[in-house]
Protein chains: 2
Amino acid sequence: MTAELVFVGHIKTAYLTTAQCPGQARPENGTSRIVVDDEYASALDDLNVGDHIQVLYWFDQADRSVLKTVPKWSENNKERGVFSTRSPARPNPIALSTVEIFSIDENVMTVTAMDCIDGTPLLDIKPYINQLKR
Amino acid sequence: MTAELVFVGHIKTAYLTTAQCPGQARPENGTSRIVVDDEYASALDDLNVGDHIQVLYWFDQADRSVLKTVPKWSENNKERGVFSTRSPARPNPIALSTVEIFSIDENVMTVTAMDCIDGTPLLDIKPYINQLKR
């Protein structure tokens with residue numbers, strides 16, 4: 001069974017190829033921008049500078065047939081099940097980063113530098129909650 | 001633009017209607033089970049009991065046309081942009097919970113009780129990393 005995703009915007013980064021992308025979103029890499037399409041912009045209301053958000057986006061160049069992979073950080077080159085890695089290659093290449101909002105200008109937010117190529121499709125934004133400490 | 005998701009399994013919970021579902025995954029509600037379809041089961045290799053994972057799943061009953069909503073926890077009944085809430089209603093109703101693995105039996109994992117109805121489609125599993133403390 002399947003379902004259809006709609007792209008609600010895109011992510012602007014300094015990376016033009018997947019080889020240039022860092023392994024994770026990292027503050028030391030500067031900033032990225034999240035651009036929400038005009039028709040979805042009102043869904044951003046009530047987000048604020050300083051908030052931490054979980055951003056879901058779509059690794060559209062990923063190989064979706066991969067179930068075993070050697071992660072970038074592997075020290076023994078051993079294959080692992082993709083659900084035990086955060087590799088882009090997986091049946092549903094939904095990417096997930098937790099980032100901080102540095103500025104908001106209408107439908108564009110500046111956030112912690114992300115790990116994807118420029119133009120990567122945006123799927124969703126959620127306010128971050130710590131689900132491990134309650 | 002759009003992309004197609006494939007369902008890779010489902011989530012077994014005690015909840016038969018969305019009205020019965022709690023607002024978030026919570027340890028005090030017991031456990032749920034994640035069932036991965038046989039064809040994707042090898043992607044689970046290298047996950048272990050005690051690991052924390054981020055589970056992505058699909059709120060297939062959600063209203064995808066909603067951009068403003070009053071969250072369950074609202075005290076003033078004020079509408080908010082859906083990207084500032086974790087409400088199921090949103091353009092791409094991808095649900096996200098961080099849970100602990102309590103047991104693994106081939107393609108079935110017992111985890112922290114989740115917040116969705118029985119049979120909810122599974123999209124992805126990733127190992128949890130704390131992206132706010134590096």
# chains A, B, ... in the order shown; residues from 1 in each chain; ligands from 1

$ residues_around --residues "Leu16 in chain A" --least-positions-apart "2" --cutoff "10 Å" --atoms "only C-alpha atoms" --output "PyMOL selection string"
chain A and resi 13-14+18-21+116-119

$ write_last_selection --atoms "N, CA, C and O atoms" --output "compact mmCIF listing (two decimals), in the first residue's frame"
# COMPACT_ATOMS: atom_id res chain seq x y z
N THR A 13 20.53 25.29 0.92
CA THR A 13 21.79 25.04 1.60
C THR A 13 22.94 25.42 0.66
O THR A 13 22.73 25.77 -0.50
N ALA A 14 24.17 25.29 1.18
CA ALA A 14 25.37 25.61 0.39
C ALA A 14 25.85 24.40 -0.40
O ALA A 14 26.87 24.48 -1.10
N THR A 18 25.32 15.56 -3.24
CA THR A 18 25.19 14.80 -1.99
C THR A 18 26.57 14.53 -1.38
O THR A 18 26.70 14.44 -0.16
N ALA A 19 27.61 14.44 -2.22
CA ALA A 19 28.97 14.21 -1.69
C ALA A 19 29.44 15.37 -0.81
O ALA A 19 30.24 15.18 0.11
N GLN A 20 28.94 16.58 -1.07
CA GLN A 20 29.35 17.75 -0.28
C GLN A 20 28.62 17.82 1.07
O GLN A 20 29.05 18.53 1.97
N CYS A 21 27.50 17.10 1.19
CA CYS A 21 26.65 17.27 2.38
C CYS A 21 27.31 16.65 3.62
O CYS A 21 27.84 15.54 3.55
N CYS A 116 21.51 18.58 3.62
CA CYS A 116 20.96 18.15 2.32
C CYS A 116 21.37 19.11 1.22
O CYS A 116 21.84 20.22 1.49
N ILE A 117 21.18 18.70 -0.03
CA ILE A 117 21.55 19.57 -1.14
C ILE A 117 20.55 20.71 -1.30
O ILE A 117 19.40 20.62 -0.85
N ASP A 118 21.02 21.77 -1.92
CA ASP A 118 20.19 22.95 -2.18
C ASP A 118 18.96 22.54 -3.00
O ASP A 118 19.08 21.82 -4.00
N GLY A 119 17.79 22.98 -2.54
CA GLY A 119 16.57 22.69 -3.28
C GLY A 119 15.83 21.45 -2.81
O GLY A 119 14.80 21.10 -3.39

$ interface_residues --of "chain B" --to "chain A" --cutoff "9 Å" --atoms "only C-alpha atoms" --output "MDAnalysis selection string"
chainID B and resid 1:8 24:26 40:48 52:53 56 58 60 66:68 80:87 90:94 97:100 121 123:128 130:132 134

$ write_last_selection --atoms "C-alpha atoms" --output "short mmCIF file (atom, residue, chain, number, x, y, z; two decimals), in the first residue's frame"
data_model
loop_
_atom_site.label_atom_id
_atom_site.label_comp_id
_atom_site.auth_asym_id
_atom_site.auth_seq_id
_atom_site.Cartn_x
_atom_site.Cartn_y
_atom_site.Cartn_z
CA MET B 1 5.33 18.15 -6.91
CA THR B 2 4.77 14.86 -5.17
CA ALA B 3 6.45 11.61 -4.18
CA GLU B 4 5.10 8.20 -3.25
CA LEU B 5 5.49 6.54 0.13
CA VAL B 6 5.45 2.77 0.57
CA PHE B 7 4.10 1.21 3.75
CA VAL B 8 6.76 -1.08 5.26
CA GLN B 24 1.96 11.46 22.52
CA ALA B 25 3.88 8.20 22.95
CA ARG B 26 4.18 7.72 26.73
CA TYR B 40 11.67 -5.23 4.75
CA ALA B 41 12.60 -7.24 7.87
CA SER B 42 16.34 -7.34 7.11
CA ALA B 43 16.43 -3.53 7.49
CA LEU B 44 15.90 -4.12 11.26
CA ASP B 45 19.25 -5.90 11.63
CA ASP B 46 21.61 -4.26 14.15
CA LEU B 47 18.85 -2.64 16.20
CA ASN B 48 19.04 -3.83 19.82
CA HIS B 52 15.93 4.49 21.41
CA ILE B 53 14.48 4.91 17.94
CA LEU B 56 7.88 7.60 11.37
CA TRP B 58 1.31 7.70 8.64
CA ASP B 60 -4.00 7.95 7.37
CA VAL B 66 -5.85 21.88 7.40
CA LEU B 67 -3.29 24.73 7.82
CA LYS B 68 -4.65 26.17 11.09
CA ARG B 80 -2.35 27.98 15.48
CA GLY B 81 -0.42 27.27 12.30
CA VAL B 82 -0.18 23.47 12.02
CA PHE B 83 3.65 23.62 11.72
CA SER B 84 3.67 25.02 15.29
CA THR B 85 1.70 21.99 16.52
CA ARG B 86 2.11 18.21 16.44
CA SER B 87 -1.54 17.74 15.43
CA ARG B 90 -1.35 18.79 8.27
CA PRO B 91 -0.43 18.62 4.56
CA ASN B 92 1.77 15.53 5.06
CA PRO B 93 0.48 13.65 8.13
CA ILE B 94 3.78 11.96 8.95
CA SER B 97 7.64 9.37 18.03
CA THR B 98 10.82 8.58 19.92
CA VAL B 99 10.44 5.26 21.74
CA GLU B 100 12.53 2.60 23.47
CA PRO B 121 1.01 2.22 8.54
CA LEU B 123 7.06 4.42 7.13
CA ASP B 124 10.54 4.41 8.65
CA ILE B 125 12.69 3.74 11.71
CA LYS B 126 15.89 5.64 12.58
CA PRO B 127 18.25 5.36 15.54
CA TYR B 128 17.68 8.32 17.88
CA ASN B 130 20.32 13.97 20.32
CA GLN B 131 20.85 16.77 17.82
CA LEU B 132 20.54 19.52 20.44
CA ARG B 134 26.82 18.24 20.52
#

$ select_by_dssp --residues "chain A" --states "helix (DSSP H, G or I)" --output "VMD selection string"
chain A and resid 18 to 20 27 to 29 38 to 44 82 to 84

$ write_last_selection --atoms "N, CA and C atoms" --output "compact mmCIF listing (two decimals), in the first residue's frame"
# COMPACT_ATOMS: atom_id res chain seq x y z
N THR A 18 25.32 15.56 -3.24
CA THR A 18 25.19 14.80 -1.99
C THR A 18 26.57 14.53 -1.38
N ALA A 19 27.61 14.44 -2.22
CA ALA A 19 28.97 14.21 -1.69
C ALA A 19 29.44 15.37 -0.81
N GLN A 20 28.94 16.58 -1.07
CA GLN A 20 29.35 17.75 -0.28
C GLN A 20 28.62 17.82 1.07
N PRO A 27 25.38 23.03 13.99
CA PRO A 27 25.51 24.48 14.16
C PRO A 27 26.83 25.02 13.61
N GLU A 28 27.92 24.25 13.69
CA GLU A 28 29.22 24.77 13.25
C GLU A 28 29.31 24.96 11.74
N ASN A 29 28.32 24.47 11.00
CA ASN A 29 28.33 24.65 9.54
C ASN A 29 27.57 25.90 9.09
N ASP A 38 4.01 29.63 -0.87
CA ASP A 38 3.01 30.61 -0.44
C ASP A 38 1.71 29.96 0.03
N GLU A 39 1.28 28.92 -0.66
CA GLU A 39 -0.02 28.34 -0.32
C GLU A 39 -0.03 27.64 1.04
N TYR A 40 1.16 27.34 1.58
CA TYR A 40 1.26 26.69 2.90
C TYR A 40 1.80 27.63 3.99
N ALA A 41 2.09 28.88 3.62
CA ALA A 41 2.81 29.78 4.53
C ALA A 41 2.06 30.02 5.84
N SER A 42 0.73 30.01 5.83
CA SER A 42 0.00 30.30 7.06
C SER A 42 0.18 29.19 8.11
N ALA A 43 0.64 28.02 7.68
CA ALA A 43 0.91 26.92 8.63
C ALA A 43 2.12 27.24 9.52
N LEU A 44 2.94 28.26 9.13
CA LEU A 44 4.09 28.67 9.94
C LEU A 44 3.70 29.57 11.12
N VAL A 82 19.25 -0.84 7.31
CA VAL A 82 19.11 0.62 7.17
C VAL A 82 18.31 1.26 8.31
N PHE A 83 17.42 0.48 8.97
CA PHE A 83 16.66 1.06 10.08
C PHE A 83 17.54 1.29 11.31
N SER A 84 18.75 0.73 11.31
CA SER A 84 19.70 1.00 12.40
C SER A 84 20.69 2.09 12.01

$ atom_distance --atom1 "CA of Pro88 in chain B" --atom2 "CA of Pro22 in chain B"
12.0 Å

$ atom_distance --atom1 "CA of Phe59 in chain B" --atom2 "CA of Ile11 in chain B"
11.2 Å
